[in-house]
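Asks: Dropping the structure in here first, questions after.
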Amino acid sequence: MKLSEKAEEILEALWIACEEEGKPHLDTETITVAPDDPAYKELASLAFIEVRDGRVYLRPEGKDEGMRTVRRHRLAERLMMDVLNIRGDSAEAKACEFEHLLHEEVDAKVCTMLNHPTTCPHGKPIPPGDCCDTAKKSGDLGVVPLTELKAGEEGDIAYILTEDDTKMRKLMAMGVLPGNRINLMQTFPSYIFRIGYSEFAIDTALAREIHVRK
Amino acid sequence: MGIFKRKRSGHDSAAAPAAGGKRVALVGNPNVGKSVLFNALTGAYVAVSNYPGTSVEVSRGSTTIEGEPYEIIDTPGMYSILPITEEERVAREILLNERPDVVLHVLDARNLERMLAMTIQLVEAGLPVILVVNIMDEAERMGLAIDIPLLHEKLGIPVIGAATAKKRGLLEIRQAIASYDASRHATFGYSRRMEGDITALAELLHGDYTLSKKSLALLLLQRDEEIARLVAEKEGERASFIAERVKEKTFERRESFHLDLSMERKGIVKGLLEGVIAFPDKRRITFGERLSSWAVHPITGVPLLFVALYYGLYQFVGVFGAGTLVDFLEGTLFEKYFNPWITGVVKGIVPWEVIQELFVGEYGVITLGLRYAVGIILPIVATFFLFFSLLEDSGYFPRLALLVDRLFKKIGLTGRAVIPMVLGFGCDTMATMVTRTLETVRERIIATVLLALAIPCSAQLGVIMALLSKTPGALAVWSVCLLVIFLVIGLLAARIMPGETPMFYMELPPMRLPQFSNVMTKTYTRMQWYFMEILPLFILASVLLWLGKITHFFEKLVAWMEPVMASLGLPKEAAVAFIFGFFRRDYGAAGLYDLQDKGLMAPRQLVVAAVTLTLFVPCVAQFLMMKKERGLANATIIAVFVSFVAFGSGYLLNQLLLVTGIV
C-alpha cells in the first residue's frame with residue numbers, strides 16, 4: 001500500500017495536531033488539501049481517518065502510518081540541513097517534496113546515515129523507527145562529532161568534515177587522520193585531545209569537524 | 001612557544017656569517033629542540049635576519065667539523081613540505097633556494113609516528129636528509145623503546161638518537177654531517193593509483209629542480225600555487241599543457257586527495273615503525289602531566305594563574321624588582337653616590353654651564369637619561385623578562401592560551417594572542433613585534449591597538465603601582481578603568497573590524513622544569529634587545545629636553561599643553577610627564593613619580609594622570625614598531641585613536657571622580 005502525496009500531507013498534519021498538540025480533530029479548512037480532494041476518501045477507506053461535519057478525526061488505525069509520515073518529513077528536513085546544507089524556506093519546501101521518496105527502507109538508510117537524529121531542525125522530536133531501536137540495543141553510537149564525547153572518552157577518528165582545505169591540512173598535521181585513536185581529555189574551556197604522545201587544544205568550531213567512532 | 005628562539009644578536013642585521021663551505025639546514029616541527037641543536041652546533045657566531053621579503057627570522061651560524069667549514073641554517077618550524085603558514089613557506093624556500101648539502105630533520109622521539117611523515121616527504125623530495133630522533137631521554141623515561149639502527153636500516157639514511165638538551169648525540173650528529181653520503185636512501189611506494197598519477201605528471205617535467213620530480217608532482221596535485229608558478233617558469237611553453245593535466249588530475253581526485261595521500265603516508269610510516277618502536281604497557285603519568293592537567297582545568301587553572309601572577313608579577317617584579325632593586329639602584333646608587341660624583345666630575349672638566357646641563361642637569365643625559373634607564377627601568381624589565389622566560393620554558397603559555405581562548409574570541413582574538421598580551425606587560429614594543437605570530441591581519445591589528453592602548457608595560461606598571469599604592473583606592477580605580485577600556489575597545493573592535501573569527505588550535509608541549517641556562521640566555525637576549533632599543537631613545541630624549549630647555553621651547557610646549565592639562569584637572573607641570581611619555585611610556589611614568597615626590601599632585605589628579613598616561617600614545621619605539629609591522633597608515637590611525645581615547649577617558653574619569661569623590 002502506498003498513499004498518495006496528498007493523503008500523506010493530510011495524515012501528517014492530522015497526526016501532529018492530534019498526537020503532539022493534543023487537539024481532538026482538525027477542521028478541513030485548516031488543512032492545505034482542499035476538502036473535496038479524493039485523498040480524504042482514500043484515507044477514510046483505509047480507516048485511517050474519519051470525516052464528519054467538516055472535521056477530520058484521526059482513527060487509532062491511522063496513528064502508526066501518521067507517525068511514519070511525520071518521521072519521514074522530519075528526516076527529510078535534517079537531510080536538507082545537515083548534509084545538503086540547504087536552509088530556510090527552500091529547505092522546508094524541498095523537504096516536503098523529498099519526504100515522499102523516503103519509502104521502503106529508504107528512511108531507515110537516511111536515518112542511519114544521519115546517525116538516528118532525535119529532533120528535526122525546528123527542535124521537534126523525530127519519532128524513532130525500527131533502525132533507531134536496533135542501534136540503541138546494540139549500543140552503537142555510530143559516528144559523532146568530537147564535541148559529543150565526554151572528557152576522558154576515547155574514539156577512532158572516522159572522518160574530518162570541513163569545506164576549508166587549510167583547516168583540513170592543519171588537522172592532518174596534528175595527526176588527526178582517519179583510523180587514529182583520539183583521546184579527549186577536556187572539553188571546557190577548550191577541547192584538549194591526545195593522539196599518540198602529543199596533546200593539542202582546539203576550539204569548538206574545529207572540534208565539531210572531527211568525527212569520531214566510539 | 002619559541003617566539004624568541006631565533007632572536008640572538010641584535011635585529012635585522014643583514015650580515016650573514018662568512019659564506020663558503022657546505023650548508024646544513026635544520027628542519028622540523030616547532031618544539032622539537034631545533035634551536036638547542038643549532039646553538040650546540042654553532043656556538044657564539046650567529047646572525048639573525050629577516051628572510052628577504054618576510055617578517056620571519058632565520059638564524060645562521062657557522063662551525064667547523066673535521067677541519068671543514070659549514071654554514072648552519074636554523075629554519076622556522078614546519079609541519080609538512082606543503083606550507084600553510086608564512087614560517088613554513090620560508091622554511092621550504094630555504095630548502096628550495098639555498099640547496100643545503102645536508103638537511104637535518106629533527107623530530108621528537110615521543111611523536112615519531114606523526115613526525116616521520118615529514119621525513120618521508122623530505123627523502124622523497126630527494127633532499128640529503130639525516131634524521132635526528134631527539135628528546136630520546138624523555139621518551140625513554142616514558143617507557144618508549146626505539147630501535148635506532150633498525151630505523152636506519154629501513155630508511156637507508158643516517159638516523160641518530162639524541163637528547164640535545166642533555167648534549168647527547170651531538171658528536172654522532174657532527175660525524176654524520178662530515179661523512180654524509182647522498183647516494184643512499186630508501187624509496188617509498190604509494191598505491192598503484194597514486195603512483196600512476198604521480199608518474200603521469202612527473203614525466204611531463206623536464207626543468208632543473210631542487211626537489212625531485214616525484215615530490216613536485218605530488219605538490220602540484222595538492223594544488224601548491226608556489227610550485228605551480230615555479231613549474232610554469234621552468235617549463236616554458238609546456239607549462240600550459242602541464243597545468244591542464246594537473247587540473248584534470250586534481251578534478252578526478254577532488255573528493256579526497258589530501259586525505260588519501262595522508263593515509264598512504266601514514267601506512268608507510270606504520271610499516272617503517274614495525275619492530276622499531278615498542279610502547280609501554282601502561283602510560284606513565286609524569287608530574288609534568290599532572291601539573292599540565294591542573295593548569296588547563298578551569299577550576300584549578302584559574303587559581304593557578306593567579307598564584308603565578310601574584311608571585312611572579314606582583315611579588316617578584318612589583319615588590320622585588322620595582323621596589324627593592326629600584327630603591328637600591330636609583331635611590332642609593334644613583335642619587336647618593338653616582339650622581340653627586342659624576343656631577344662633580346663634569347663640573348670640574350667642563351666650564352660652560354650649558355654643557356654641564358646637557359650631562360648632569362635636570363634633564364641631563366647622565367643624571368636623567370641614564371638614571372631612568374639603568375636605575376628604574378632596567379631592574380623592573382629584568383625581573384619581568386626572567387619571569388616571562390621561566391613561564392615560556394615551562395610550557396605554560398599554550399595552556400594559558402587555551403584557558404582564555406573563549407574570552408579572547410569575544411574581543412576578536414584567539415587564545416594565541418595571550419602571548420603577545422602577556423609580553424606586553426613587559427615591553428609593548430616587543431609585544432607589537434610578536435603580534436606577527438597571529439594568523440590573520442585582523443587579529444594583528446586588534447592586538448596592536450589593545451597593546452598600544454590598554455596594556456601598561458612593566459616599567460610603567462612598576463612605577464605606577466609604586467605611585468598609586470600610597471593612596472587607598474587609587475590602584476583599584478586605575479585597574480578597573482584599564483580593564484573596562486580594554487574590554488570595551490576589544491568588544492568594539494571585534495564588532496567593527498571586518499573578517500571572520502579565526503580558529504584556535506595549538507600544540508601543548510609537555511610541561512617541564514625550565515633549564516637554568518636556557519632561561520638565562522633568553523632573559524639576557526631580551527634584555528639586550530630591550531636595552532639597545534631604549535637606551536638611545538632615553539639619551540635622545542634627554543638631549544631634546546635639554547635643547548628645549550635652553551631654547552625655552554620646552555616652557556612654551558608646557559604652556560601650550562596647559563589647557564589640555566587643565567581640562568583633565570591636572571597641574572601644568574604634569575605636561576612634562578606627558579612630553580616624556582611620548583619618548584617612552586615608562587619615561588613618562590617615571591616623570592610622574594618625580595611630580596609625586598615634589599608633592600605637586602592630589603590623589604585624584606594622580607589617578608587621572610596615571611590612567612591617561614597609561615592609555616596615552618605608545619612611545620616612539622612602539623610607534624616605530626607599529627609602523628614597521630602594520631604600515632604607516634595603520635600606525636598613524638592607531639596612534640591618533642589611542643591619544644583620543646586616552647585624553648577622552650582622562651577627562652571623563654576626572655569628571656566622574658569630582659562628582660563621586662571616590663578618590
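So you can find residues: chains in the C-alpha cells are A, B, ... in the order shown, residues in each start at 1, and ligands are numbered from 1 in order.
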Do me a favour and pick out the residues of chain B within 6 Å of chain A, using only C-alpha atoms, as a compact mmCIF listing (two decimals) with N, CA and C atoms, in the first residue's frame.
Replies:
# COMPACT_ATOMS: atom_id res chain seq x y z
N ARG B 110 59.05 11.02 21.00
CA ARG B 110 57.74 10.62 21.54
C ARG B 110 56.66 10.68 20.48
N ASN B 111 56.90 11.48 19.44
CA ASN B 111 55.89 11.61 18.39
C ASN B 111 56.45 11.15 17.06
N ARG B 114 53.96 10.45 14.17
CA ARG B 114 53.36 11.58 13.49
C ARG B 114 54.39 12.34 12.65
N LEU B 402 44.77 28.27 25.84
CA LEU B 402 43.51 27.53 25.69
C LEU B 402 42.52 27.90 26.78
N LEU B 403 43.07 28.32 27.91
CA LEU B 403 42.20 28.72 29.02
C LEU B 403 41.44 30.02 28.69
N PHE B 504 41.15 28.50 16.55
CA PHE B 504 42.20 28.32 17.55
C PHE B 504 42.64 26.87 17.58
N TYR B 505 43.92 26.67 17.43
CA TYR B 505 44.48 25.33 17.59
C TYR B 505 45.90 25.51 18.08
N MET B 506 46.34 24.64 18.91
CA MET B 506 47.66 24.81 19.46
C MET B 506 48.19 23.50 19.99
N GLU B 507 49.46 23.25 19.72
CA GLU B 507 50.06 22.06 20.29
C GLU B 507 50.43 22.37 21.73
N LEU B 508 50.23 21.40 22.61
CA LEU B 508 50.62 21.59 24.00
C LEU B 508 51.89 20.79 24.26
Asks: Can you tell me, as a count of residues only, what residues are no more than 12 Å from Gly67 of chain B when counting only C-alpha atoms, ignoring any on the same chain fewer than 2 positions away?
Replies: 9
Asks: Among segment 231-463 of chain B, which ones does DSSP place in helix (DSSP H, G or I), written as a count of residues only?
Replies: 193
Asks: Using only C-alpha atoms, which residues sit within 8 Å of segment 651-660 of chain B once same-chain residues fewer than 6 positions away are excluded, as a list in words?
Replies: Ser567, Leu568, Gly569, Arg604, Gln605 and Val608 of chain B
Asks: Quick one: residues within 12 Å of Arg59 of chain A, only C-alpha atoms, excluding same-chain residues fewer than 3 positions away - as a VMD selection string?
Replies: chain A and resid 11 14 to 15 18 to 19 24 to 25 43 to 51 56 62 to 66
Asks: Restricting it to C-alpha atoms, dump the selection as an mmCIF file, in the first residue's frame.
Replies:
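Output file selection-v8.cif is given in full below:
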data_model
loop_
_atom_site.group_PDB
_atom_site.id
_atom_site.type_symbol
_atom_site.label_atom_id
_atom_site.label_comp_id
_atom_site.auth_asym_id
_atom_site.auth_seq_id
_atom_site.Cartn_x
_atom_site.Cartn_y
_atom_site.Cartn_z
ATOM 1 C CA LEU A 11 -2.174 12.413 7.689
ATOM 2 C CA LEU A 14 -3.540 15.411 11.498
ATOM 3 C CA TRP A 15 -1.015 13.368 13.448
ATOM 4 C CA CYS A 18 -3.849 15.131 17.498
ATOM 5 C CA GLU A 19 -0.800 13.339 18.862
ATOM 6 C CA PRO A 24 -9.289 16.232 19.204
ATOM 7 C CA HIS A 25 -9.587 16.924 15.470
ATOM 8 C CA LEU A 43 -7.613 7.658 3.865
ATOM 9 C CA ALA A 44 -11.159 7.044 5.060
ATOM 10 C CA SER A 45 -11.386 3.840 3.043
ATOM 11 C CA LEU A 46 -8.266 2.598 4.856
ATOM 12 C CA ALA A 47 -9.982 3.521 8.133
ATOM 13 C CA PHE A 48 -7.089 5.888 8.994
ATOM 14 C CA ILE A 49 -9.329 8.927 9.383
ATOM 15 C CA GLU A 50 -12.943 9.866 9.754
ATOM 16 C CA VAL A 51 -14.505 12.989 8.259
ATOM 17 C CA VAL A 56 -11.235 15.321 10.397
ATOM 18 C CA GLY A 62 -4.114 5.644 11.290
ATOM 19 C CA LYS A 63 -1.769 6.524 14.124
ATOM 20 C CA ASP A 64 1.098 4.312 13.010
ATOM 21 C CA GLU A 65 1.077 5.476 9.435
ATOM 22 C CA GLY A 66 0.705 9.071 10.615
#
Asks: Using only C-alpha atoms for the distances, tell me which of A:Ile182, A:Met80, A:Leu26, A:Leu149 is nearest to Asp53 of chain A.
Replies: A:Leu26
Asks: Find the distance between atom CA of Thr343 of chain B and atom CA of Tyr363 of chain B and write it in Å to one decimal.
Replies: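 Calculated distance between atom CA of Thr343 of chain B and atom CA of Tyr363 of chain B is 12.7 Å.
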Asks: Find the residue from B:Ile72, B:Val663, B:Met497, B:Ile242 that sits nearest to Lys470 of chain B; use only C-alpha atoms when measuring.
Replies: B:Val663
Asks: Determine the nearest neighbour of Lys627 of chain B from the options B:Leu368, B:Leu313, B:Leu595, B:Ile445, counting only C-alpha atoms.
Replies: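 Checking each candidate against Lys627 of chain B, we get B:Ile445 as the closest.
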Asks: Kindly give the distance, in Å, that separates atom CA of Ala454 of chain B and atom CA of Ile485 of chain B, rounded to a single decimal.
Replies: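 These atoms are spaced 6.9 Å apart.
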